[in-house]
$ cat start-v2.txt   # compact mmCIF, C-alpha atoms
# COMPACT_ATOMS: atom_id res chain seq x y z
CA MET A 113 58.90 -33.37 72.71
CA GLY A 114 55.79 -32.18 74.61
CA THR A 115 55.98 -32.12 78.40
CA THR A 116 52.46 -33.45 78.65
CA ALA A 117 50.73 -35.97 76.47
CA THR A 118 49.47 -34.41 73.20
CA ALA A 119 50.74 -31.02 74.33
CA HIS A 120 50.32 -29.74 70.78
CA GLN A 121 48.20 -30.94 67.91
CA PRO A 122 49.69 -30.19 64.50
CA THR A 123 47.30 -28.94 61.85
CA MET A 124 46.61 -30.63 58.51
CA ARG A 125 48.74 -27.88 56.99
CA THR A 126 51.75 -29.22 58.93
CA TYR A 127 50.98 -32.76 57.87
CA VAL A 128 50.71 -31.73 54.20
CA ALA A 129 54.08 -29.96 54.47
CA VAL A 130 55.62 -33.11 55.95
CA TRP A 131 54.02 -35.19 53.18
CA ILE A 132 55.52 -32.92 50.52
CA ALA A 133 58.92 -33.14 52.23
CA LEU A 134 58.76 -36.94 52.21
CA LEU A 135 57.83 -37.02 48.53
CA ALA A 136 60.74 -34.68 47.81
CA ILE A 137 63.13 -37.04 49.60
CA VAL A 138 61.81 -39.93 47.50
CA ALA A 139 62.48 -37.85 44.38
CA VAL A 140 66.06 -37.24 45.54
CA GLU A 141 66.51 -40.97 46.14
CA VAL A 142 65.36 -41.78 42.59
CA ALA A 143 67.59 -39.04 41.14
CA LEU A 144 70.62 -40.46 42.96
CA THR A 145 69.80 -43.92 41.64
CA MET A 146 69.60 -42.61 38.08
CA ALA A 147 73.02 -40.95 38.54
CA HIS A 148 74.56 -44.45 38.72
CA TRP A 149 76.79 -43.83 41.70
CA PRO A 150 79.10 -46.64 42.87
CA THR A 151 77.13 -49.12 44.96
CA PRO A 152 78.68 -48.35 48.40
CA ARG A 153 78.18 -44.61 47.93
CA LEU A 154 74.61 -45.04 46.68
CA PHE A 155 73.81 -47.34 49.59
CA ALA A 156 75.14 -44.85 52.15
CA ALA A 157 73.16 -42.00 50.57
CA LEU A 158 69.92 -44.00 50.30
CA LEU A 159 70.22 -45.29 53.86
CA ALA A 160 70.83 -41.77 55.19
CA LEU A 161 67.80 -40.44 53.31
CA ALA A 162 65.67 -43.37 54.49
CA LEU A 163 66.67 -42.65 58.10
CA ILE A 164 65.70 -38.99 57.64
CA GLU A 165 62.35 -40.03 56.20
CA ALA A 166 61.81 -42.46 59.06
CA GLY A 167 62.68 -39.78 61.59
CA ILE A 168 60.27 -37.29 60.06
CA GLY A 169 57.55 -39.95 59.90
CA LEU A 170 58.14 -40.97 63.52
CA LEU A 171 58.14 -37.44 64.87
CA TYR A 172 55.20 -36.02 62.91
CA PHE A 173 53.03 -38.74 61.40
CA MET A 174 53.40 -40.99 64.44
CA HIS A 175 53.13 -37.94 66.70
CA LEU A 176 56.21 -38.81 68.76
CA ARG A 177 57.36 -35.18 68.80
CA PHE A 178 54.23 -34.19 70.67
CA GLU A 179 54.16 -37.00 73.21
CA ARG A 180 55.94 -37.07 76.55
CA ALA A 181 59.72 -37.29 76.20
CA ILE A 182 59.78 -40.55 78.17
CA LEU A 183 57.92 -42.32 75.36
CA PHE A 184 60.52 -41.21 72.82
CA TRP A 185 63.43 -42.23 75.08
CA CYS A 186 61.90 -45.65 75.80
CA VAL A 187 60.98 -46.49 72.19
CA VAL A 188 63.75 -45.09 70.00
CA PRO A 189 66.98 -46.08 71.81
CA THR A 190 65.65 -49.61 72.39
CA VAL A 191 64.93 -50.21 68.71
CA VAL A 192 68.19 -48.53 67.67
CA PHE A 193 70.11 -50.76 70.09
CA ALA A 194 68.43 -53.89 68.71
CA LEU A 195 69.29 -52.84 65.15
CA LEU A 196 72.87 -51.98 66.10
CA LEU A 197 73.27 -55.50 67.51
CA MET A 198 72.31 -56.83 64.08
CA ASP A 199 74.77 -54.46 62.46
CA HIS A 200 77.76 -56.65 63.35
CA ILE A 201 77.26 -59.23 60.62
CA TRP A 202 79.20 -57.45 57.86
CA PRO A 203 82.69 -58.92 58.48
CA ASP A 204 81.16 -62.37 58.08
CA ALA A 205 79.36 -61.30 54.91
CA TYR A 206 82.63 -60.10 53.39
CA ARG A 207 84.32 -63.30 54.52
CA MET A 208 81.63 -65.23 52.65
CA LEU A 209 82.22 -63.05 49.59
CA HIS A 210 85.92 -63.79 49.58
CA MET A 211 85.34 -67.49 50.16
CA ARG A 212 82.78 -67.45 47.29
CA LEU A 213 80.40 -69.72 49.20
CA LEU A 214 77.27 -68.23 47.63
CA PRO A 215 76.54 -68.69 43.87
CA MET B 1238 30.73 -47.61 104.34
CA SER B 1239 31.33 -46.42 100.77
CA HIS B 1240 33.54 -43.49 99.84
CA PRO B 1241 33.56 -41.48 96.60
CA GLY B 1242 36.23 -42.98 94.42
CA MET B 1243 36.20 -46.33 96.22
CA VAL B 1244 35.82 -49.16 93.74
CA MET B 1245 33.53 -51.89 95.07
CA GLY B 1246 33.92 -55.45 93.94
CA VAL B 1247 35.85 -58.63 94.50
CA GLY B 1248 39.58 -57.92 94.49
CA ALA B 1249 39.05 -54.19 93.86
CA PRO B 1250 41.51 -51.75 95.47
CA ALA B 1251 39.95 -50.08 98.50
CA ALA B 1252 42.17 -46.98 98.64
CA HIS B 1253 41.11 -43.84 96.83
CA GLY B 1254 43.12 -43.18 93.62
CA ALA B 1255 44.94 -46.52 93.81
CA ILE B 1256 45.40 -46.76 90.03
CA GLU B 1257 48.41 -44.73 88.92
CA GLU B 1258 48.46 -42.56 85.85
CA SER B 1259 50.60 -43.97 83.03
CA PRO B 1260 54.05 -42.32 83.03
CA PHE B 1261 53.79 -42.13 79.25
CA GLY B 1262 50.60 -40.07 79.44
CA ILE B 1263 48.86 -42.14 76.78
CA GLN B 1264 46.12 -44.75 76.78
CA SER B 1265 47.09 -48.37 77.32
CA LYS B 1266 46.03 -49.39 73.82
CA LYS B 1267 48.32 -46.77 72.31
CA LEU B 1268 51.23 -47.91 74.47
CA ALA B 1269 50.53 -51.51 73.46
CA MET B 1270 50.66 -50.48 69.81
CA TRP B 1271 54.01 -48.75 70.36
CA LEU B 1272 55.37 -51.94 71.96
CA PHE B 1273 54.14 -53.98 69.00
CA ILE B 1274 55.73 -51.48 66.60
CA MET B 1275 59.04 -51.84 68.39
CA ALA B 1276 58.94 -55.62 67.97
CA ASP B 1277 57.84 -55.38 64.34
CA ALA B 1278 60.63 -52.89 63.63
CA ALA B 1279 63.13 -55.44 64.92
CA THR B 1280 61.54 -58.08 62.68
CA PHE B 1281 61.80 -55.96 59.56
CA GLY B 1282 65.29 -54.89 60.59
CA ALA B 1283 66.33 -58.52 60.85
CA ILE B 1284 64.95 -59.41 57.42
CA LEU B 1285 66.59 -56.37 55.82
CA PHE B 1286 69.91 -57.14 57.48
CA ALA B 1287 69.63 -60.74 56.24
CA TYR B 1288 69.06 -59.41 52.72
CA GLY B 1289 72.11 -57.16 53.04
CA TYR B 1290 74.17 -60.06 54.37
CA VAL B 1291 73.45 -62.36 51.44
CA ARG B 1292 73.78 -59.52 48.97
CA VAL B 1293 77.23 -58.50 50.24
CA GLY B 1294 78.25 -62.16 50.27
CA SER B 1295 77.23 -62.71 46.64
CA PRO B 1296 79.84 -61.74 44.03
CA ASP B 1297 77.34 -61.47 41.15
CA TRP B 1298 74.15 -60.09 42.67
CA THR B 1299 71.38 -59.57 40.10
CA ARG B 1300 70.04 -56.05 39.54
CA PRO B 1301 66.96 -56.68 37.41
CA PHE B 1302 64.74 -53.63 37.87
CA ALA B 1303 64.24 -51.60 34.72
CA ALA B 1304 62.91 -48.05 34.69
CA SER B 1305 59.30 -49.31 34.53
CA SER B 1306 59.75 -51.16 37.83
CA ILE B 1307 61.26 -48.08 39.47
CA VAL B 1308 58.38 -45.91 38.21
CA ASN B 1309 55.90 -48.45 39.58
CA GLY B 1310 57.76 -48.35 42.89
CA VAL B 1311 57.63 -44.54 42.98
CA VAL B 1312 53.87 -44.62 42.35
CA MET B 1313 53.43 -47.18 45.11
CA THR B 1314 55.50 -45.02 47.48
CA ALA B 1315 53.43 -41.92 46.65
CA ILE B 1316 50.21 -43.88 47.23
CA LEU B 1317 51.38 -45.15 50.60
CA LEU B 1318 52.56 -41.71 51.73
CA THR B 1319 49.23 -40.22 50.69
CA SER B 1320 47.40 -42.93 52.61
CA SER B 1321 49.29 -41.86 55.74
CA LEU B 1322 48.11 -38.30 55.12
CA THR B 1323 44.49 -39.41 54.76
CA MET B 1324 44.82 -41.49 57.93
CA LEU B 1325 45.98 -38.37 59.78
CA GLY B 1326 42.89 -36.60 58.45
CA GLY B 1327 40.78 -39.42 59.83
CA VAL B 1328 42.39 -39.20 63.25
CA ALA B 1329 42.00 -35.42 63.38
CA ALA B 1330 38.34 -35.65 62.38
CA ALA B 1331 37.69 -38.43 64.90
CA GLN B 1332 39.30 -36.41 67.70
CA ALA B 1333 37.20 -33.39 66.71
CA GLY B 1334 34.02 -35.47 66.91
CA ARG B 1335 33.35 -35.30 63.16
CA THR B 1336 32.36 -38.93 62.63
CA SER B 1337 31.29 -38.72 58.95
CA ALA B 1338 34.47 -36.89 57.95
CA ALA B 1339 36.57 -39.41 59.90
CA LEU B 1340 34.89 -42.30 58.07
CA ARG B 1341 35.50 -40.63 54.70
CA TRP B 1342 39.19 -40.12 55.49
CA MET B 1343 39.55 -43.73 56.68
CA SER B 1344 37.77 -45.01 53.57
CA ALA B 1345 40.25 -43.09 51.45
CA THR B 1346 43.10 -44.65 53.44
CA ILE B 1347 41.71 -48.15 52.88
CA LEU B 1348 41.28 -47.55 49.16
CA LEU B 1349 44.82 -46.22 48.81
CA GLY B 1350 46.14 -49.18 50.77
CA LEU B 1351 44.31 -51.60 48.51
CA ALA B 1352 45.62 -49.72 45.46
CA PHE B 1353 49.14 -50.19 46.80
CA ALA B 1354 48.49 -53.89 47.31
CA GLY B 1355 47.01 -54.19 43.81
CA LEU B 1356 50.04 -52.59 42.17
CA HIS B 1357 52.31 -54.79 44.23
CA LEU B 1358 50.51 -57.98 43.27
CA ARG B 1359 50.55 -56.91 39.64
CA GLU B 1360 54.31 -56.50 39.84
CA TRP B 1361 54.65 -59.88 41.50
CA ALA B 1362 52.56 -61.49 38.75
CA ALA B 1363 54.77 -59.94 36.07
CA MET B 1364 57.94 -61.14 37.78
CA ILE B 1365 56.56 -64.64 38.31
CA HIS B 1366 55.57 -64.71 34.64
CA GLU B 1367 59.21 -63.90 33.76
CA GLY B 1368 60.33 -66.89 35.81
CA TRP B 1369 61.16 -65.30 39.17
CA SER B 1370 60.40 -67.24 42.32
CA PRO B 1371 61.86 -67.50 45.85
CA SER B 1372 64.09 -70.30 44.55
CA HIS B 1373 64.74 -69.38 40.93
CA ASN B 1374 66.52 -66.54 39.12
CA PRO B 1375 65.71 -66.52 35.37
CA LEU B 1376 68.74 -64.28 34.68
CA GLY B 1377 71.11 -66.92 35.99
CA GLY B 1378 72.32 -65.04 39.06
CA PRO B 1379 71.79 -65.99 42.72
CA ALA B 1380 68.37 -67.46 43.49
CA LEU B 1381 68.64 -65.61 46.81
CA PHE B 1382 67.51 -62.46 45.00
CA GLY B 1383 64.05 -63.97 44.59
CA ALA B 1384 64.05 -65.32 48.13
CA THR B 1385 64.91 -61.96 49.66
CA PHE B 1386 62.73 -59.91 47.32
CA PHE B 1387 59.58 -61.98 47.74
CA GLY B 1388 60.27 -62.48 51.44
CA ILE B 1389 60.70 -58.80 52.27
CA THR B 1390 57.98 -57.43 50.00
CA GLY B 1391 55.67 -60.28 50.93
CA LEU B 1392 56.03 -59.57 54.64
CA HIS B 1393 55.35 -55.88 53.99
CA LEU B 1394 52.37 -56.68 51.76
CA LEU B 1395 50.94 -58.86 54.54
CA HIS B 1396 51.20 -55.87 56.88
CA VAL B 1397 49.48 -53.60 54.34
CA ILE B 1398 46.58 -55.98 53.80
CA SER B 1399 46.11 -56.66 57.51
CA GLY B 1400 46.31 -52.92 58.14
CA ALA B 1401 43.58 -52.26 55.59
CA ILE B 1402 41.42 -54.89 57.28
CA ALA B 1403 42.13 -53.42 60.73
CA ILE B 1404 41.24 -49.89 59.62
CA SER B 1405 38.03 -51.24 58.04
CA VAL B 1406 37.01 -52.91 61.30
CA VAL B 1407 37.87 -49.84 63.39
CA ALA B 1408 36.05 -47.55 60.95
CA ALA B 1409 32.92 -49.73 60.99
CA MET B 1410 32.84 -49.91 64.78
CA PHE B 1411 33.72 -46.23 65.19
CA GLY B 1412 30.85 -45.34 62.86
CA ARG B 1413 28.50 -47.33 65.11
CA GLY B 1414 29.83 -45.59 68.20
CA ARG B 1415 31.38 -48.73 69.65
CA LEU B 1416 34.96 -47.45 69.37
CA ASN B 1417 36.35 -43.98 70.01
CA ALA B 1418 38.96 -41.62 68.57
CA GLY B 1419 41.63 -43.35 70.63
CA HIS B 1420 41.09 -46.54 68.67
CA VAL B 1421 41.31 -44.63 65.39
CA GLU B 1422 44.57 -43.06 66.51
CA THR B 1423 45.96 -46.44 67.58
CA VAL B 1424 45.24 -48.15 64.27
CA GLY B 1425 46.63 -45.04 62.56
CA LEU B 1426 49.91 -45.57 64.40
CA TYR B 1427 50.16 -49.06 62.90
CA TRP B 1428 49.44 -47.70 59.43
CA HIS B 1429 52.15 -45.04 59.70
CA PHE B 1430 54.59 -47.74 60.81
CA VAL B 1431 53.79 -49.81 57.69
CA ASP B 1432 54.49 -46.68 55.62
CA LEU B 1433 57.72 -46.07 57.53
CA VAL B 1434 58.95 -49.61 56.78
CA TRP B 1435 58.36 -48.98 53.06
CA MET B 1436 60.66 -45.95 53.33
CA PHE B 1437 63.44 -48.50 53.87
CA VAL B 1438 62.19 -51.29 51.60
CA PHE B 1439 61.83 -49.11 48.50
CA PRO B 1440 65.39 -47.70 48.40
CA LEU B 1441 67.17 -50.81 49.71
CA VAL B 1442 65.29 -53.44 47.68
CA TYR B 1443 64.14 -51.55 44.56
CA LEU B 1444 66.54 -48.65 44.01
CA MET B 1445 69.64 -50.63 45.03
CA ASN B 1446 68.66 -53.28 42.46
CA ALA B 1447 67.95 -50.92 39.57
CA ARG B 1448 69.75 -51.77 36.36

$ encode --input "start-v2.txt" --output "C-alpha cells"
Amino acid sequence: MGTTATAHQPTMRTYVAVWIALLAIVAVEVALTMAHWPTPRLFAALLALALIEAGIGLLYFMHLRFERAILFWCVVPTVVFALLLMDHIWPDAYRMLHMRLLP
Amino acid sequence: MSHPGMVMGVGAPAAHGAIEESPFGIQSKKLAMWLFIMADAATFGAILFAYGYVRVGSPDWTRPFAASSIVNGVVMTAILLTSSLTMLGGVAAAQAGRTSAALRWMSATILLGLAFAGLHLREWAAMIHEGWSPSHNPLGGPALFGATFFGITGLHLLHVISGAIAISVVAAMFGRGRLNAGHVETVGLYWHFVDLVWMFVFPLVYLMNAR
C-alpha cells in the first residue's frame, strides 16, 4: 500500500493486464464447471477464484493498493469480520437438510 | 484583526489550521463512498449467504442452466469487466484534465452497463416465459430457486442501472465543469464495486447451477 494517498498511479497498461487476468480467471471458472466436479469441490474452487478476483479488483481497479495503508486496514478487516459472522449458519442449514423441512 | 488562514463567519474556528487533514489521505466524498461500499458488501454477503443456506438445506436443488445460459453469463461478465476498464480510462483522463476523452470513456462505460442490463433482462424474460418466478419452479423443484435467483440478480441489476444513471449525471456535470475528477473517481469506485459483486454472483448463482 502507498504511504501517502495516491502515491503511485498505475498506467492503462497495468489496468489492461489486470483486466486480462480477470478474464482468464473467469475462463478457468467456466472450465472447472464444465469438468463436472462434485458440488462441494466445485464450490470451494469457485469461491477461492472469486475471492482472488475480488482481491485483484479491490487492489487495482478500486485503487486500494495505492492508497494509505490505514484505509485498507479499516475497510477490509471490517467487511471480512461481518461476513465471517454470517458464516456460522451452515450447521443449521445441514440440520434443515436432514430434517427435510424444505421441499 | 484578521489573520491569514483565519476563517471569518458565525461559528467558524478562529485558530489557524483548525481543520485536520483526513488520516486516510482522501477526499471526504471518496471516504463516504468506501463506507457505503462496506455496507453494500455486507448486504450482498447476507443475500448470498441466505441463498447458500436454503440451497444446502434443500435435498433436491434445481440446476437449470444449460450451456446457452452459461455462455450468456460469460458474455455479461466480459461486458462488465470491460466497463470497469473503460471507467478507469475515464478516471485517468479526468485526472489528466482531458475532459473530452473522459466523457468518451464514461459514455463507453454507460453503454456497456446498459448492454449488461439488456442481456440480463432478456434472460429474465426467457426464464419468466418458461414459467420461472420468485414463487414458482416449472421443473418441480424448490420454488426457492426462483426466489433466490431473481432476488440476487435483481438486486445486482438495480445497482447496475443506478450506477449507469449516476455515471451519466456525473459525466454531464463534469462536462459542464460543475464536478471535478474527484467526483468521477468516486462514482468509478461504485462501478468497480458493482463489478466486484458480479465476480461472486456469476460463479455462485450461475456456474453452481449449471446442468

$ residues_around --input "start-v2.txt" --residues "range 164-176 of chain A" --least-positions-apart "4" --cutoff "9 Å" --atoms "all atoms listed in the file" --output "PDB file with C-alpha atoms, keeping the file's coordinate frame"
ATOM      1  CA  MET A 113      58.900 -33.370  72.710  1.00  0.00           C
ATOM      2  CA  GLY A 114      55.790 -32.180  74.610  1.00  0.00           C
ATOM      3  CA  THR A 118      49.470 -34.410  73.200  1.00  0.00           C
ATOM      4  CA  GLN A 121      48.200 -30.940  67.910  1.00  0.00           C
ATOM      5  CA  PRO A 122      49.690 -30.190  64.500  1.00  0.00           C
ATOM      6  CA  THR A 126      51.750 -29.220  58.930  1.00  0.00           C
ATOM      7  CA  TYR A 127      50.980 -32.760  57.870  1.00  0.00           C
ATOM      8  CA  VAL A 130      55.620 -33.110  55.950  1.00  0.00           C
ATOM      9  CA  TRP A 131      54.020 -35.190  53.180  1.00  0.00           C
ATOM     10  CA  ALA A 133      58.920 -33.140  52.230  1.00  0.00           C
ATOM     11  CA  LEU A 134      58.760 -36.940  52.210  1.00  0.00           C
ATOM     12  CA  ILE A 137      63.130 -37.040  49.600  1.00  0.00           C
ATOM     13  CA  VAL A 138      61.810 -39.930  47.500  1.00  0.00           C
ATOM     14  CA  LEU A 159      70.220 -45.290  53.860  1.00  0.00           C
ATOM     15  CA  ALA A 160      70.830 -41.770  55.190  1.00  0.00           C
ATOM     16  CA  ARG A 180      55.940 -37.070  76.550  1.00  0.00           C
ATOM     17  CA  ALA A 181      59.720 -37.290  76.200  1.00  0.00           C
ATOM     18  CA  LEU A 183      57.920 -42.320  75.360  1.00  0.00           C
ATOM     19  CA  PHE A 184      60.520 -41.210  72.820  1.00  0.00           C
TER      20      PHE A 184
ATOM     21  CA  SER B1321      49.290 -41.860  55.740  1.00  0.00           C
ATOM     22  CA  LEU B1322      48.110 -38.300  55.120  1.00  0.00           C
ATOM     23  CA  LEU B1325      45.980 -38.370  59.780  1.00  0.00           C
ATOM     24  CA  GLY B1425      46.630 -45.040  62.560  1.00  0.00           C
ATOM     25  CA  LEU B1426      49.910 -45.570  64.400  1.00  0.00           C
ATOM     26  CA  TYR B1427      50.160 -49.060  62.900  1.00  0.00           C
ATOM     27  CA  HIS B1429      52.150 -45.040  59.700  1.00  0.00           C
ATOM     28  CA  PHE B1430      54.590 -47.740  60.810  1.00  0.00           C
ATOM     29  CA  ASP B1432      54.490 -46.680  55.620  1.00  0.00           C
ATOM     30  CA  LEU B1433      57.720 -46.070  57.530  1.00  0.00           C
ATOM     31  CA  VAL B1434      58.950 -49.610  56.780  1.00  0.00           C
ATOM     32  CA  MET B1436      60.660 -45.950  53.330  1.00  0.00           C
ATOM     33  CA  PHE B1437      63.440 -48.500  53.870  1.00  0.00           C
TER      34      PHE B1437
END

$ closest_atom_pairs --input "start-v2.txt" --of "chain A" --to "chain B" --cutoff "8 Å" --atoms "all atoms listed in the file" --output "Markdown table"
| residue | atom | partner | partner_atom | distance |
| --- | --- | --- | --- | --- |
| A:Thr116 | CA | B:Gly1262 | CA | 6.9 |
| A:Ala117 | CA | B:Gly1262 | CA | 5.1 |
| A:Met124 | CA | B:Gly1326 | CA | 7.0 |
| A:Tyr127 | CA | B:Leu1322 | CA | 6.8 |
| A:Val128 | CA | B:Leu1322 | CA | 7.1 |
| A:Trp131 | CA | B:Leu1318 | CA | 6.8 |
| A:Leu134 | CA | B:Leu1318 | CA | 7.8 |
| A:Leu135 | CA | B:Ala1315 | CA | 6.8 |
| A:Val138 | CA | B:Val1311 | CA | 7.7 |
| A:Glu141 | CA | B:Pro1440 | CA | 7.2 |
| A:Val142 | CA | B:Leu1444 | CA | 7.1 |
| A:Thr145 | CA | B:Leu1444 | CA | 6.2 |
| A:Thr151 | CA | B:Met1445 | CA | 7.6 |
| A:Leu154 | CA | B:Met1445 | CA | 7.7 |
| A:Phe155 | CA | B:Met1445 | CA | 7.0 |
| A:Leu158 | CA | B:Pro1440 | CA | 6.1 |
| A:Leu159 | CA | B:Phe1437 | CA | 7.5 |
| A:Ala162 | CA | B:Phe1437 | CA | 5.6 |
| A:Leu163 | CA | B:Phe1437 | CA | 7.9 |
| A:Glu165 | CA | B:Met1436 | CA | 6.8 |
| A:Ala166 | CA | B:Leu1433 | CA | 5.7 |
| A:Gly169 | CA | B:Leu1433 | CA | 6.6 |
| A:Leu170 | CA | B:Leu1433 | CA | 7.9 |
| A:Phe173 | CA | B:His1429 | CA | 6.6 |
| A:Met174 | CA | B:Leu1426 | CA | 5.8 |
| A:Glu179 | CA | B:Gly1262 | CA | 7.8 |
| A:Arg180 | CA | B:Phe1261 | CA | 6.1 |
| A:Ile182 | CA | B:Phe1261 | CA | 6.3 |
| A:Leu183 | CA | B:Phe1261 | CA | 5.7 |
| A:Val187 | CA | B:Met1275 | CA | 6.8 |
| A:Val191 | CA | B:Met1275 | CA | 6.1 |
| A:Ala194 | CA | B:Ala1279 | CA | 6.7 |
| A:Leu195 | CA | B:Gly1282 | CA | 6.4 |
| A:Met198 | CA | B:Ala1283 | CA | 7.0 |
| A:Asp199 | CA | B:Phe1286 | CA | 7.5 |
| A:Ile201 | CA | B:Tyr1290 | CA | 7.0 |
| A:Trp202 | CA | B:Tyr1290 | CA | 6.7 |
| A:Ala205 | CA | B:Gly1294 | CA | 4.8 |
| A:Tyr206 | CA | B:Gly1294 | CA | 5.8 |
| A:Arg207 | CA | B:Gly1294 | CA | 7.5 |
| A:Met208 | CA | B:Gly1294 | CA | 5.1 |
| A:Leu209 | CA | B:Gly1294 | CA | 4.1 |
| A:His210 | CA | B:Gly1294 | CA | 7.9 |
| A:Arg212 | CA | B:Pro1296 | CA | 7.2 |
| A:Leu213 | CA | B:Gly1294 | CA | 7.9 |
| A:Leu214 | CA | B:Ser1295 | CA | 5.6 |
| A:Pro215 | CA | B:Pro1379 | CA | 5.6 |

$ atom_distance --input "start-v2.txt" --atom1 "CA of Trp1342 in chain B" --atom2 "CA of Met1313 in chain B"
19.0 Å

$ atom_distance --input "start-v2.txt" --atom1 "CA of Trp1369 in chain B" --atom2 "CA of Gly1400 in chain B"
27.1 Å

$ residues_around --input "start-v2.txt" --residues "Phe1387 in chain B" --least-positions-apart "5" --cutoff "12 Å" --atoms "all atoms listed in the file" --output "list of chain:residue names"
B:Ile1284, B:Tyr1288, B:His1357, B:Leu1358, B:Glu1360, B:Trp1361, B:Ala1362, B:Met1364, B:Ile1365, B:Trp1369, B:Ser1370, B:Pro1371, B:Ser1372, B:His1373, B:Asn1374, B:Ala1380, B:Leu1381, B:Phe1382, B:Leu1392, B:His1393, B:Leu1394, B:Leu1395, B:Val1438, B:Val1442, B:Tyr1443

$ write_last_selection --input "start-v2.txt" --atoms "C-alpha atoms" --output "short mmCIF file (atom, residue, chain, number, x, y, z; two decimals), keeping the file's coordinate frame"
data_model
loop_
_atom_site.label_atom_id
_atom_site.label_comp_id
_atom_site.auth_asym_id
_atom_site.auth_seq_id
_atom_site.Cartn_x
_atom_site.Cartn_y
_atom_site.Cartn_z
CA ILE B 1284 64.95 -59.41 57.42
CA TYR B 1288 69.06 -59.41 52.72
CA HIS B 1357 52.31 -54.79 44.23
CA LEU B 1358 50.51 -57.98 43.27
CA GLU B 1360 54.31 -56.50 39.84
CA TRP B 1361 54.65 -59.88 41.50
CA ALA B 1362 52.56 -61.49 38.75
CA MET B 1364 57.94 -61.14 37.78
CA ILE B 1365 56.56 -64.64 38.31
CA TRP B 1369 61.16 -65.30 39.17
CA SER B 1370 60.40 -67.24 42.32
CA PRO B 1371 61.86 -67.50 45.85
CA SER B 1372 64.09 -70.30 44.55
CA HIS B 1373 64.74 -69.38 40.93
CA ASN B 1374 66.52 -66.54 39.12
CA ALA B 1380 68.37 -67.46 43.49
CA LEU B 1381 68.64 -65.61 46.81
CA PHE B 1382 67.51 -62.46 45.00
CA LEU B 1392 56.03 -59.57 54.64
CA HIS B 1393 55.35 -55.88 53.99
CA LEU B 1394 52.37 -56.68 51.76
CA LEU B 1395 50.94 -58.86 54.54
CA VAL B 1438 62.19 -51.29 51.60
CA VAL B 1442 65.29 -53.44 47.68
CA TYR B 1443 64.14 -51.55 44.56
#

$ atom_distance --input "start-v2.txt" --atom1 "CA of His1420 in chain B" --atom2 "CA of Leu1351 in chain B"
21.0 Å

$ residues_around --input "start-v2.txt" --residues "Val1406 in chain B" --least-positions-apart "3" --cutoff "12 Å" --atoms "all atoms listed in the file" --output "list of chain:residue names"
B:Leu1340, B:Met1343, B:Ser1344, B:Ile1347, B:Ser1399, B:Gly1400, B:Ala1401, B:Ile1402, B:Ala1403, B:Ala1409, B:Met1410, B:Phe1411, B:Gly1412, B:Arg1413, B:Arg1415, B:Leu1416, B:His1420, B:Val1421, B:Val1424

$ axis_aligned_box --input "start-v2.txt" --around "range 1291-1300 of chain B" --padding-each-side "5 Å" --output "JSON"
{"center_x": 74.9, "center_y": -59.4, "center_z": 45.5, "size_x": 19.8, "size_y": 16.7, "size_z": 21.9}

$ decode --input "start-v2.txt" --residues "range 1334-1359 of chain B" --atoms "C-alpha atoms" --output "PDB file, in the first residue's frame"
ATOM      1  CA  GLY B1334      -7.541  17.251 -17.404  1.00  0.00           C
ATOM      2  CA  ARG B1335      -8.631  15.664 -20.695  1.00  0.00           C
ATOM      3  CA  THR B1336     -12.364  16.359 -20.416  1.00  0.00           C
ATOM      4  CA  SER B1337     -13.451  15.136 -23.877  1.00  0.00           C
ATOM      5  CA  ALA B1338     -11.554  11.861 -23.511  1.00  0.00           C
ATOM      6  CA  ALA B1339     -13.003  11.372 -20.022  1.00  0.00           C
ATOM      7  CA  LEU B1340     -16.535  11.867 -21.366  1.00  0.00           C
ATOM      8  CA  ARG B1341     -15.903   9.364 -24.171  1.00  0.00           C
ATOM      9  CA  TRP B1342     -14.620   6.751 -21.711  1.00  0.00           C
ATOM     10  CA  MET B1343     -17.592   7.325 -19.386  1.00  0.00           C
ATOM     11  CA  SER B1344     -20.023   7.088 -22.301  1.00  0.00           C
ATOM     12  CA  ALA B1345     -18.487   3.738 -23.209  1.00  0.00           C
ATOM     13  CA  THR B1346     -18.910   2.615 -19.596  1.00  0.00           C
ATOM     14  CA  ILE B1347     -22.579   3.623 -19.598  1.00  0.00           C
ATOM     15  CA  LEU B1348     -23.227   1.827 -22.883  1.00  0.00           C
ATOM     16  CA  LEU B1349     -21.545  -1.345 -21.657  1.00  0.00           C
ATOM     17  CA  GLY B1350     -23.523  -1.167 -18.425  1.00  0.00           C
ATOM     18  CA  LEU B1351     -26.765  -0.820 -20.346  1.00  0.00           C
ATOM     19  CA  ALA B1352     -25.732  -3.723 -22.591  1.00  0.00           C
ATOM     20  CA  PHE B1353     -25.228  -5.834 -19.469  1.00  0.00           C
ATOM     21  CA  ALA B1354     -28.646  -4.813 -18.181  1.00  0.00           C
ATOM     22  CA  GLY B1355     -30.223  -5.573 -21.566  1.00  0.00           C
ATOM     23  CA  LEU B1356     -28.760  -9.078 -21.697  1.00  0.00           C
ATOM     24  CA  HIS B1357     -29.858  -9.661 -18.133  1.00  0.00           C
ATOM     25  CA  LEU B1358     -33.425  -8.558 -18.774  1.00  0.00           C
ATOM     26  CA  ARG B1359     -33.528 -10.704 -21.891  1.00  0.00           C
TER      27      ARG B1359
END
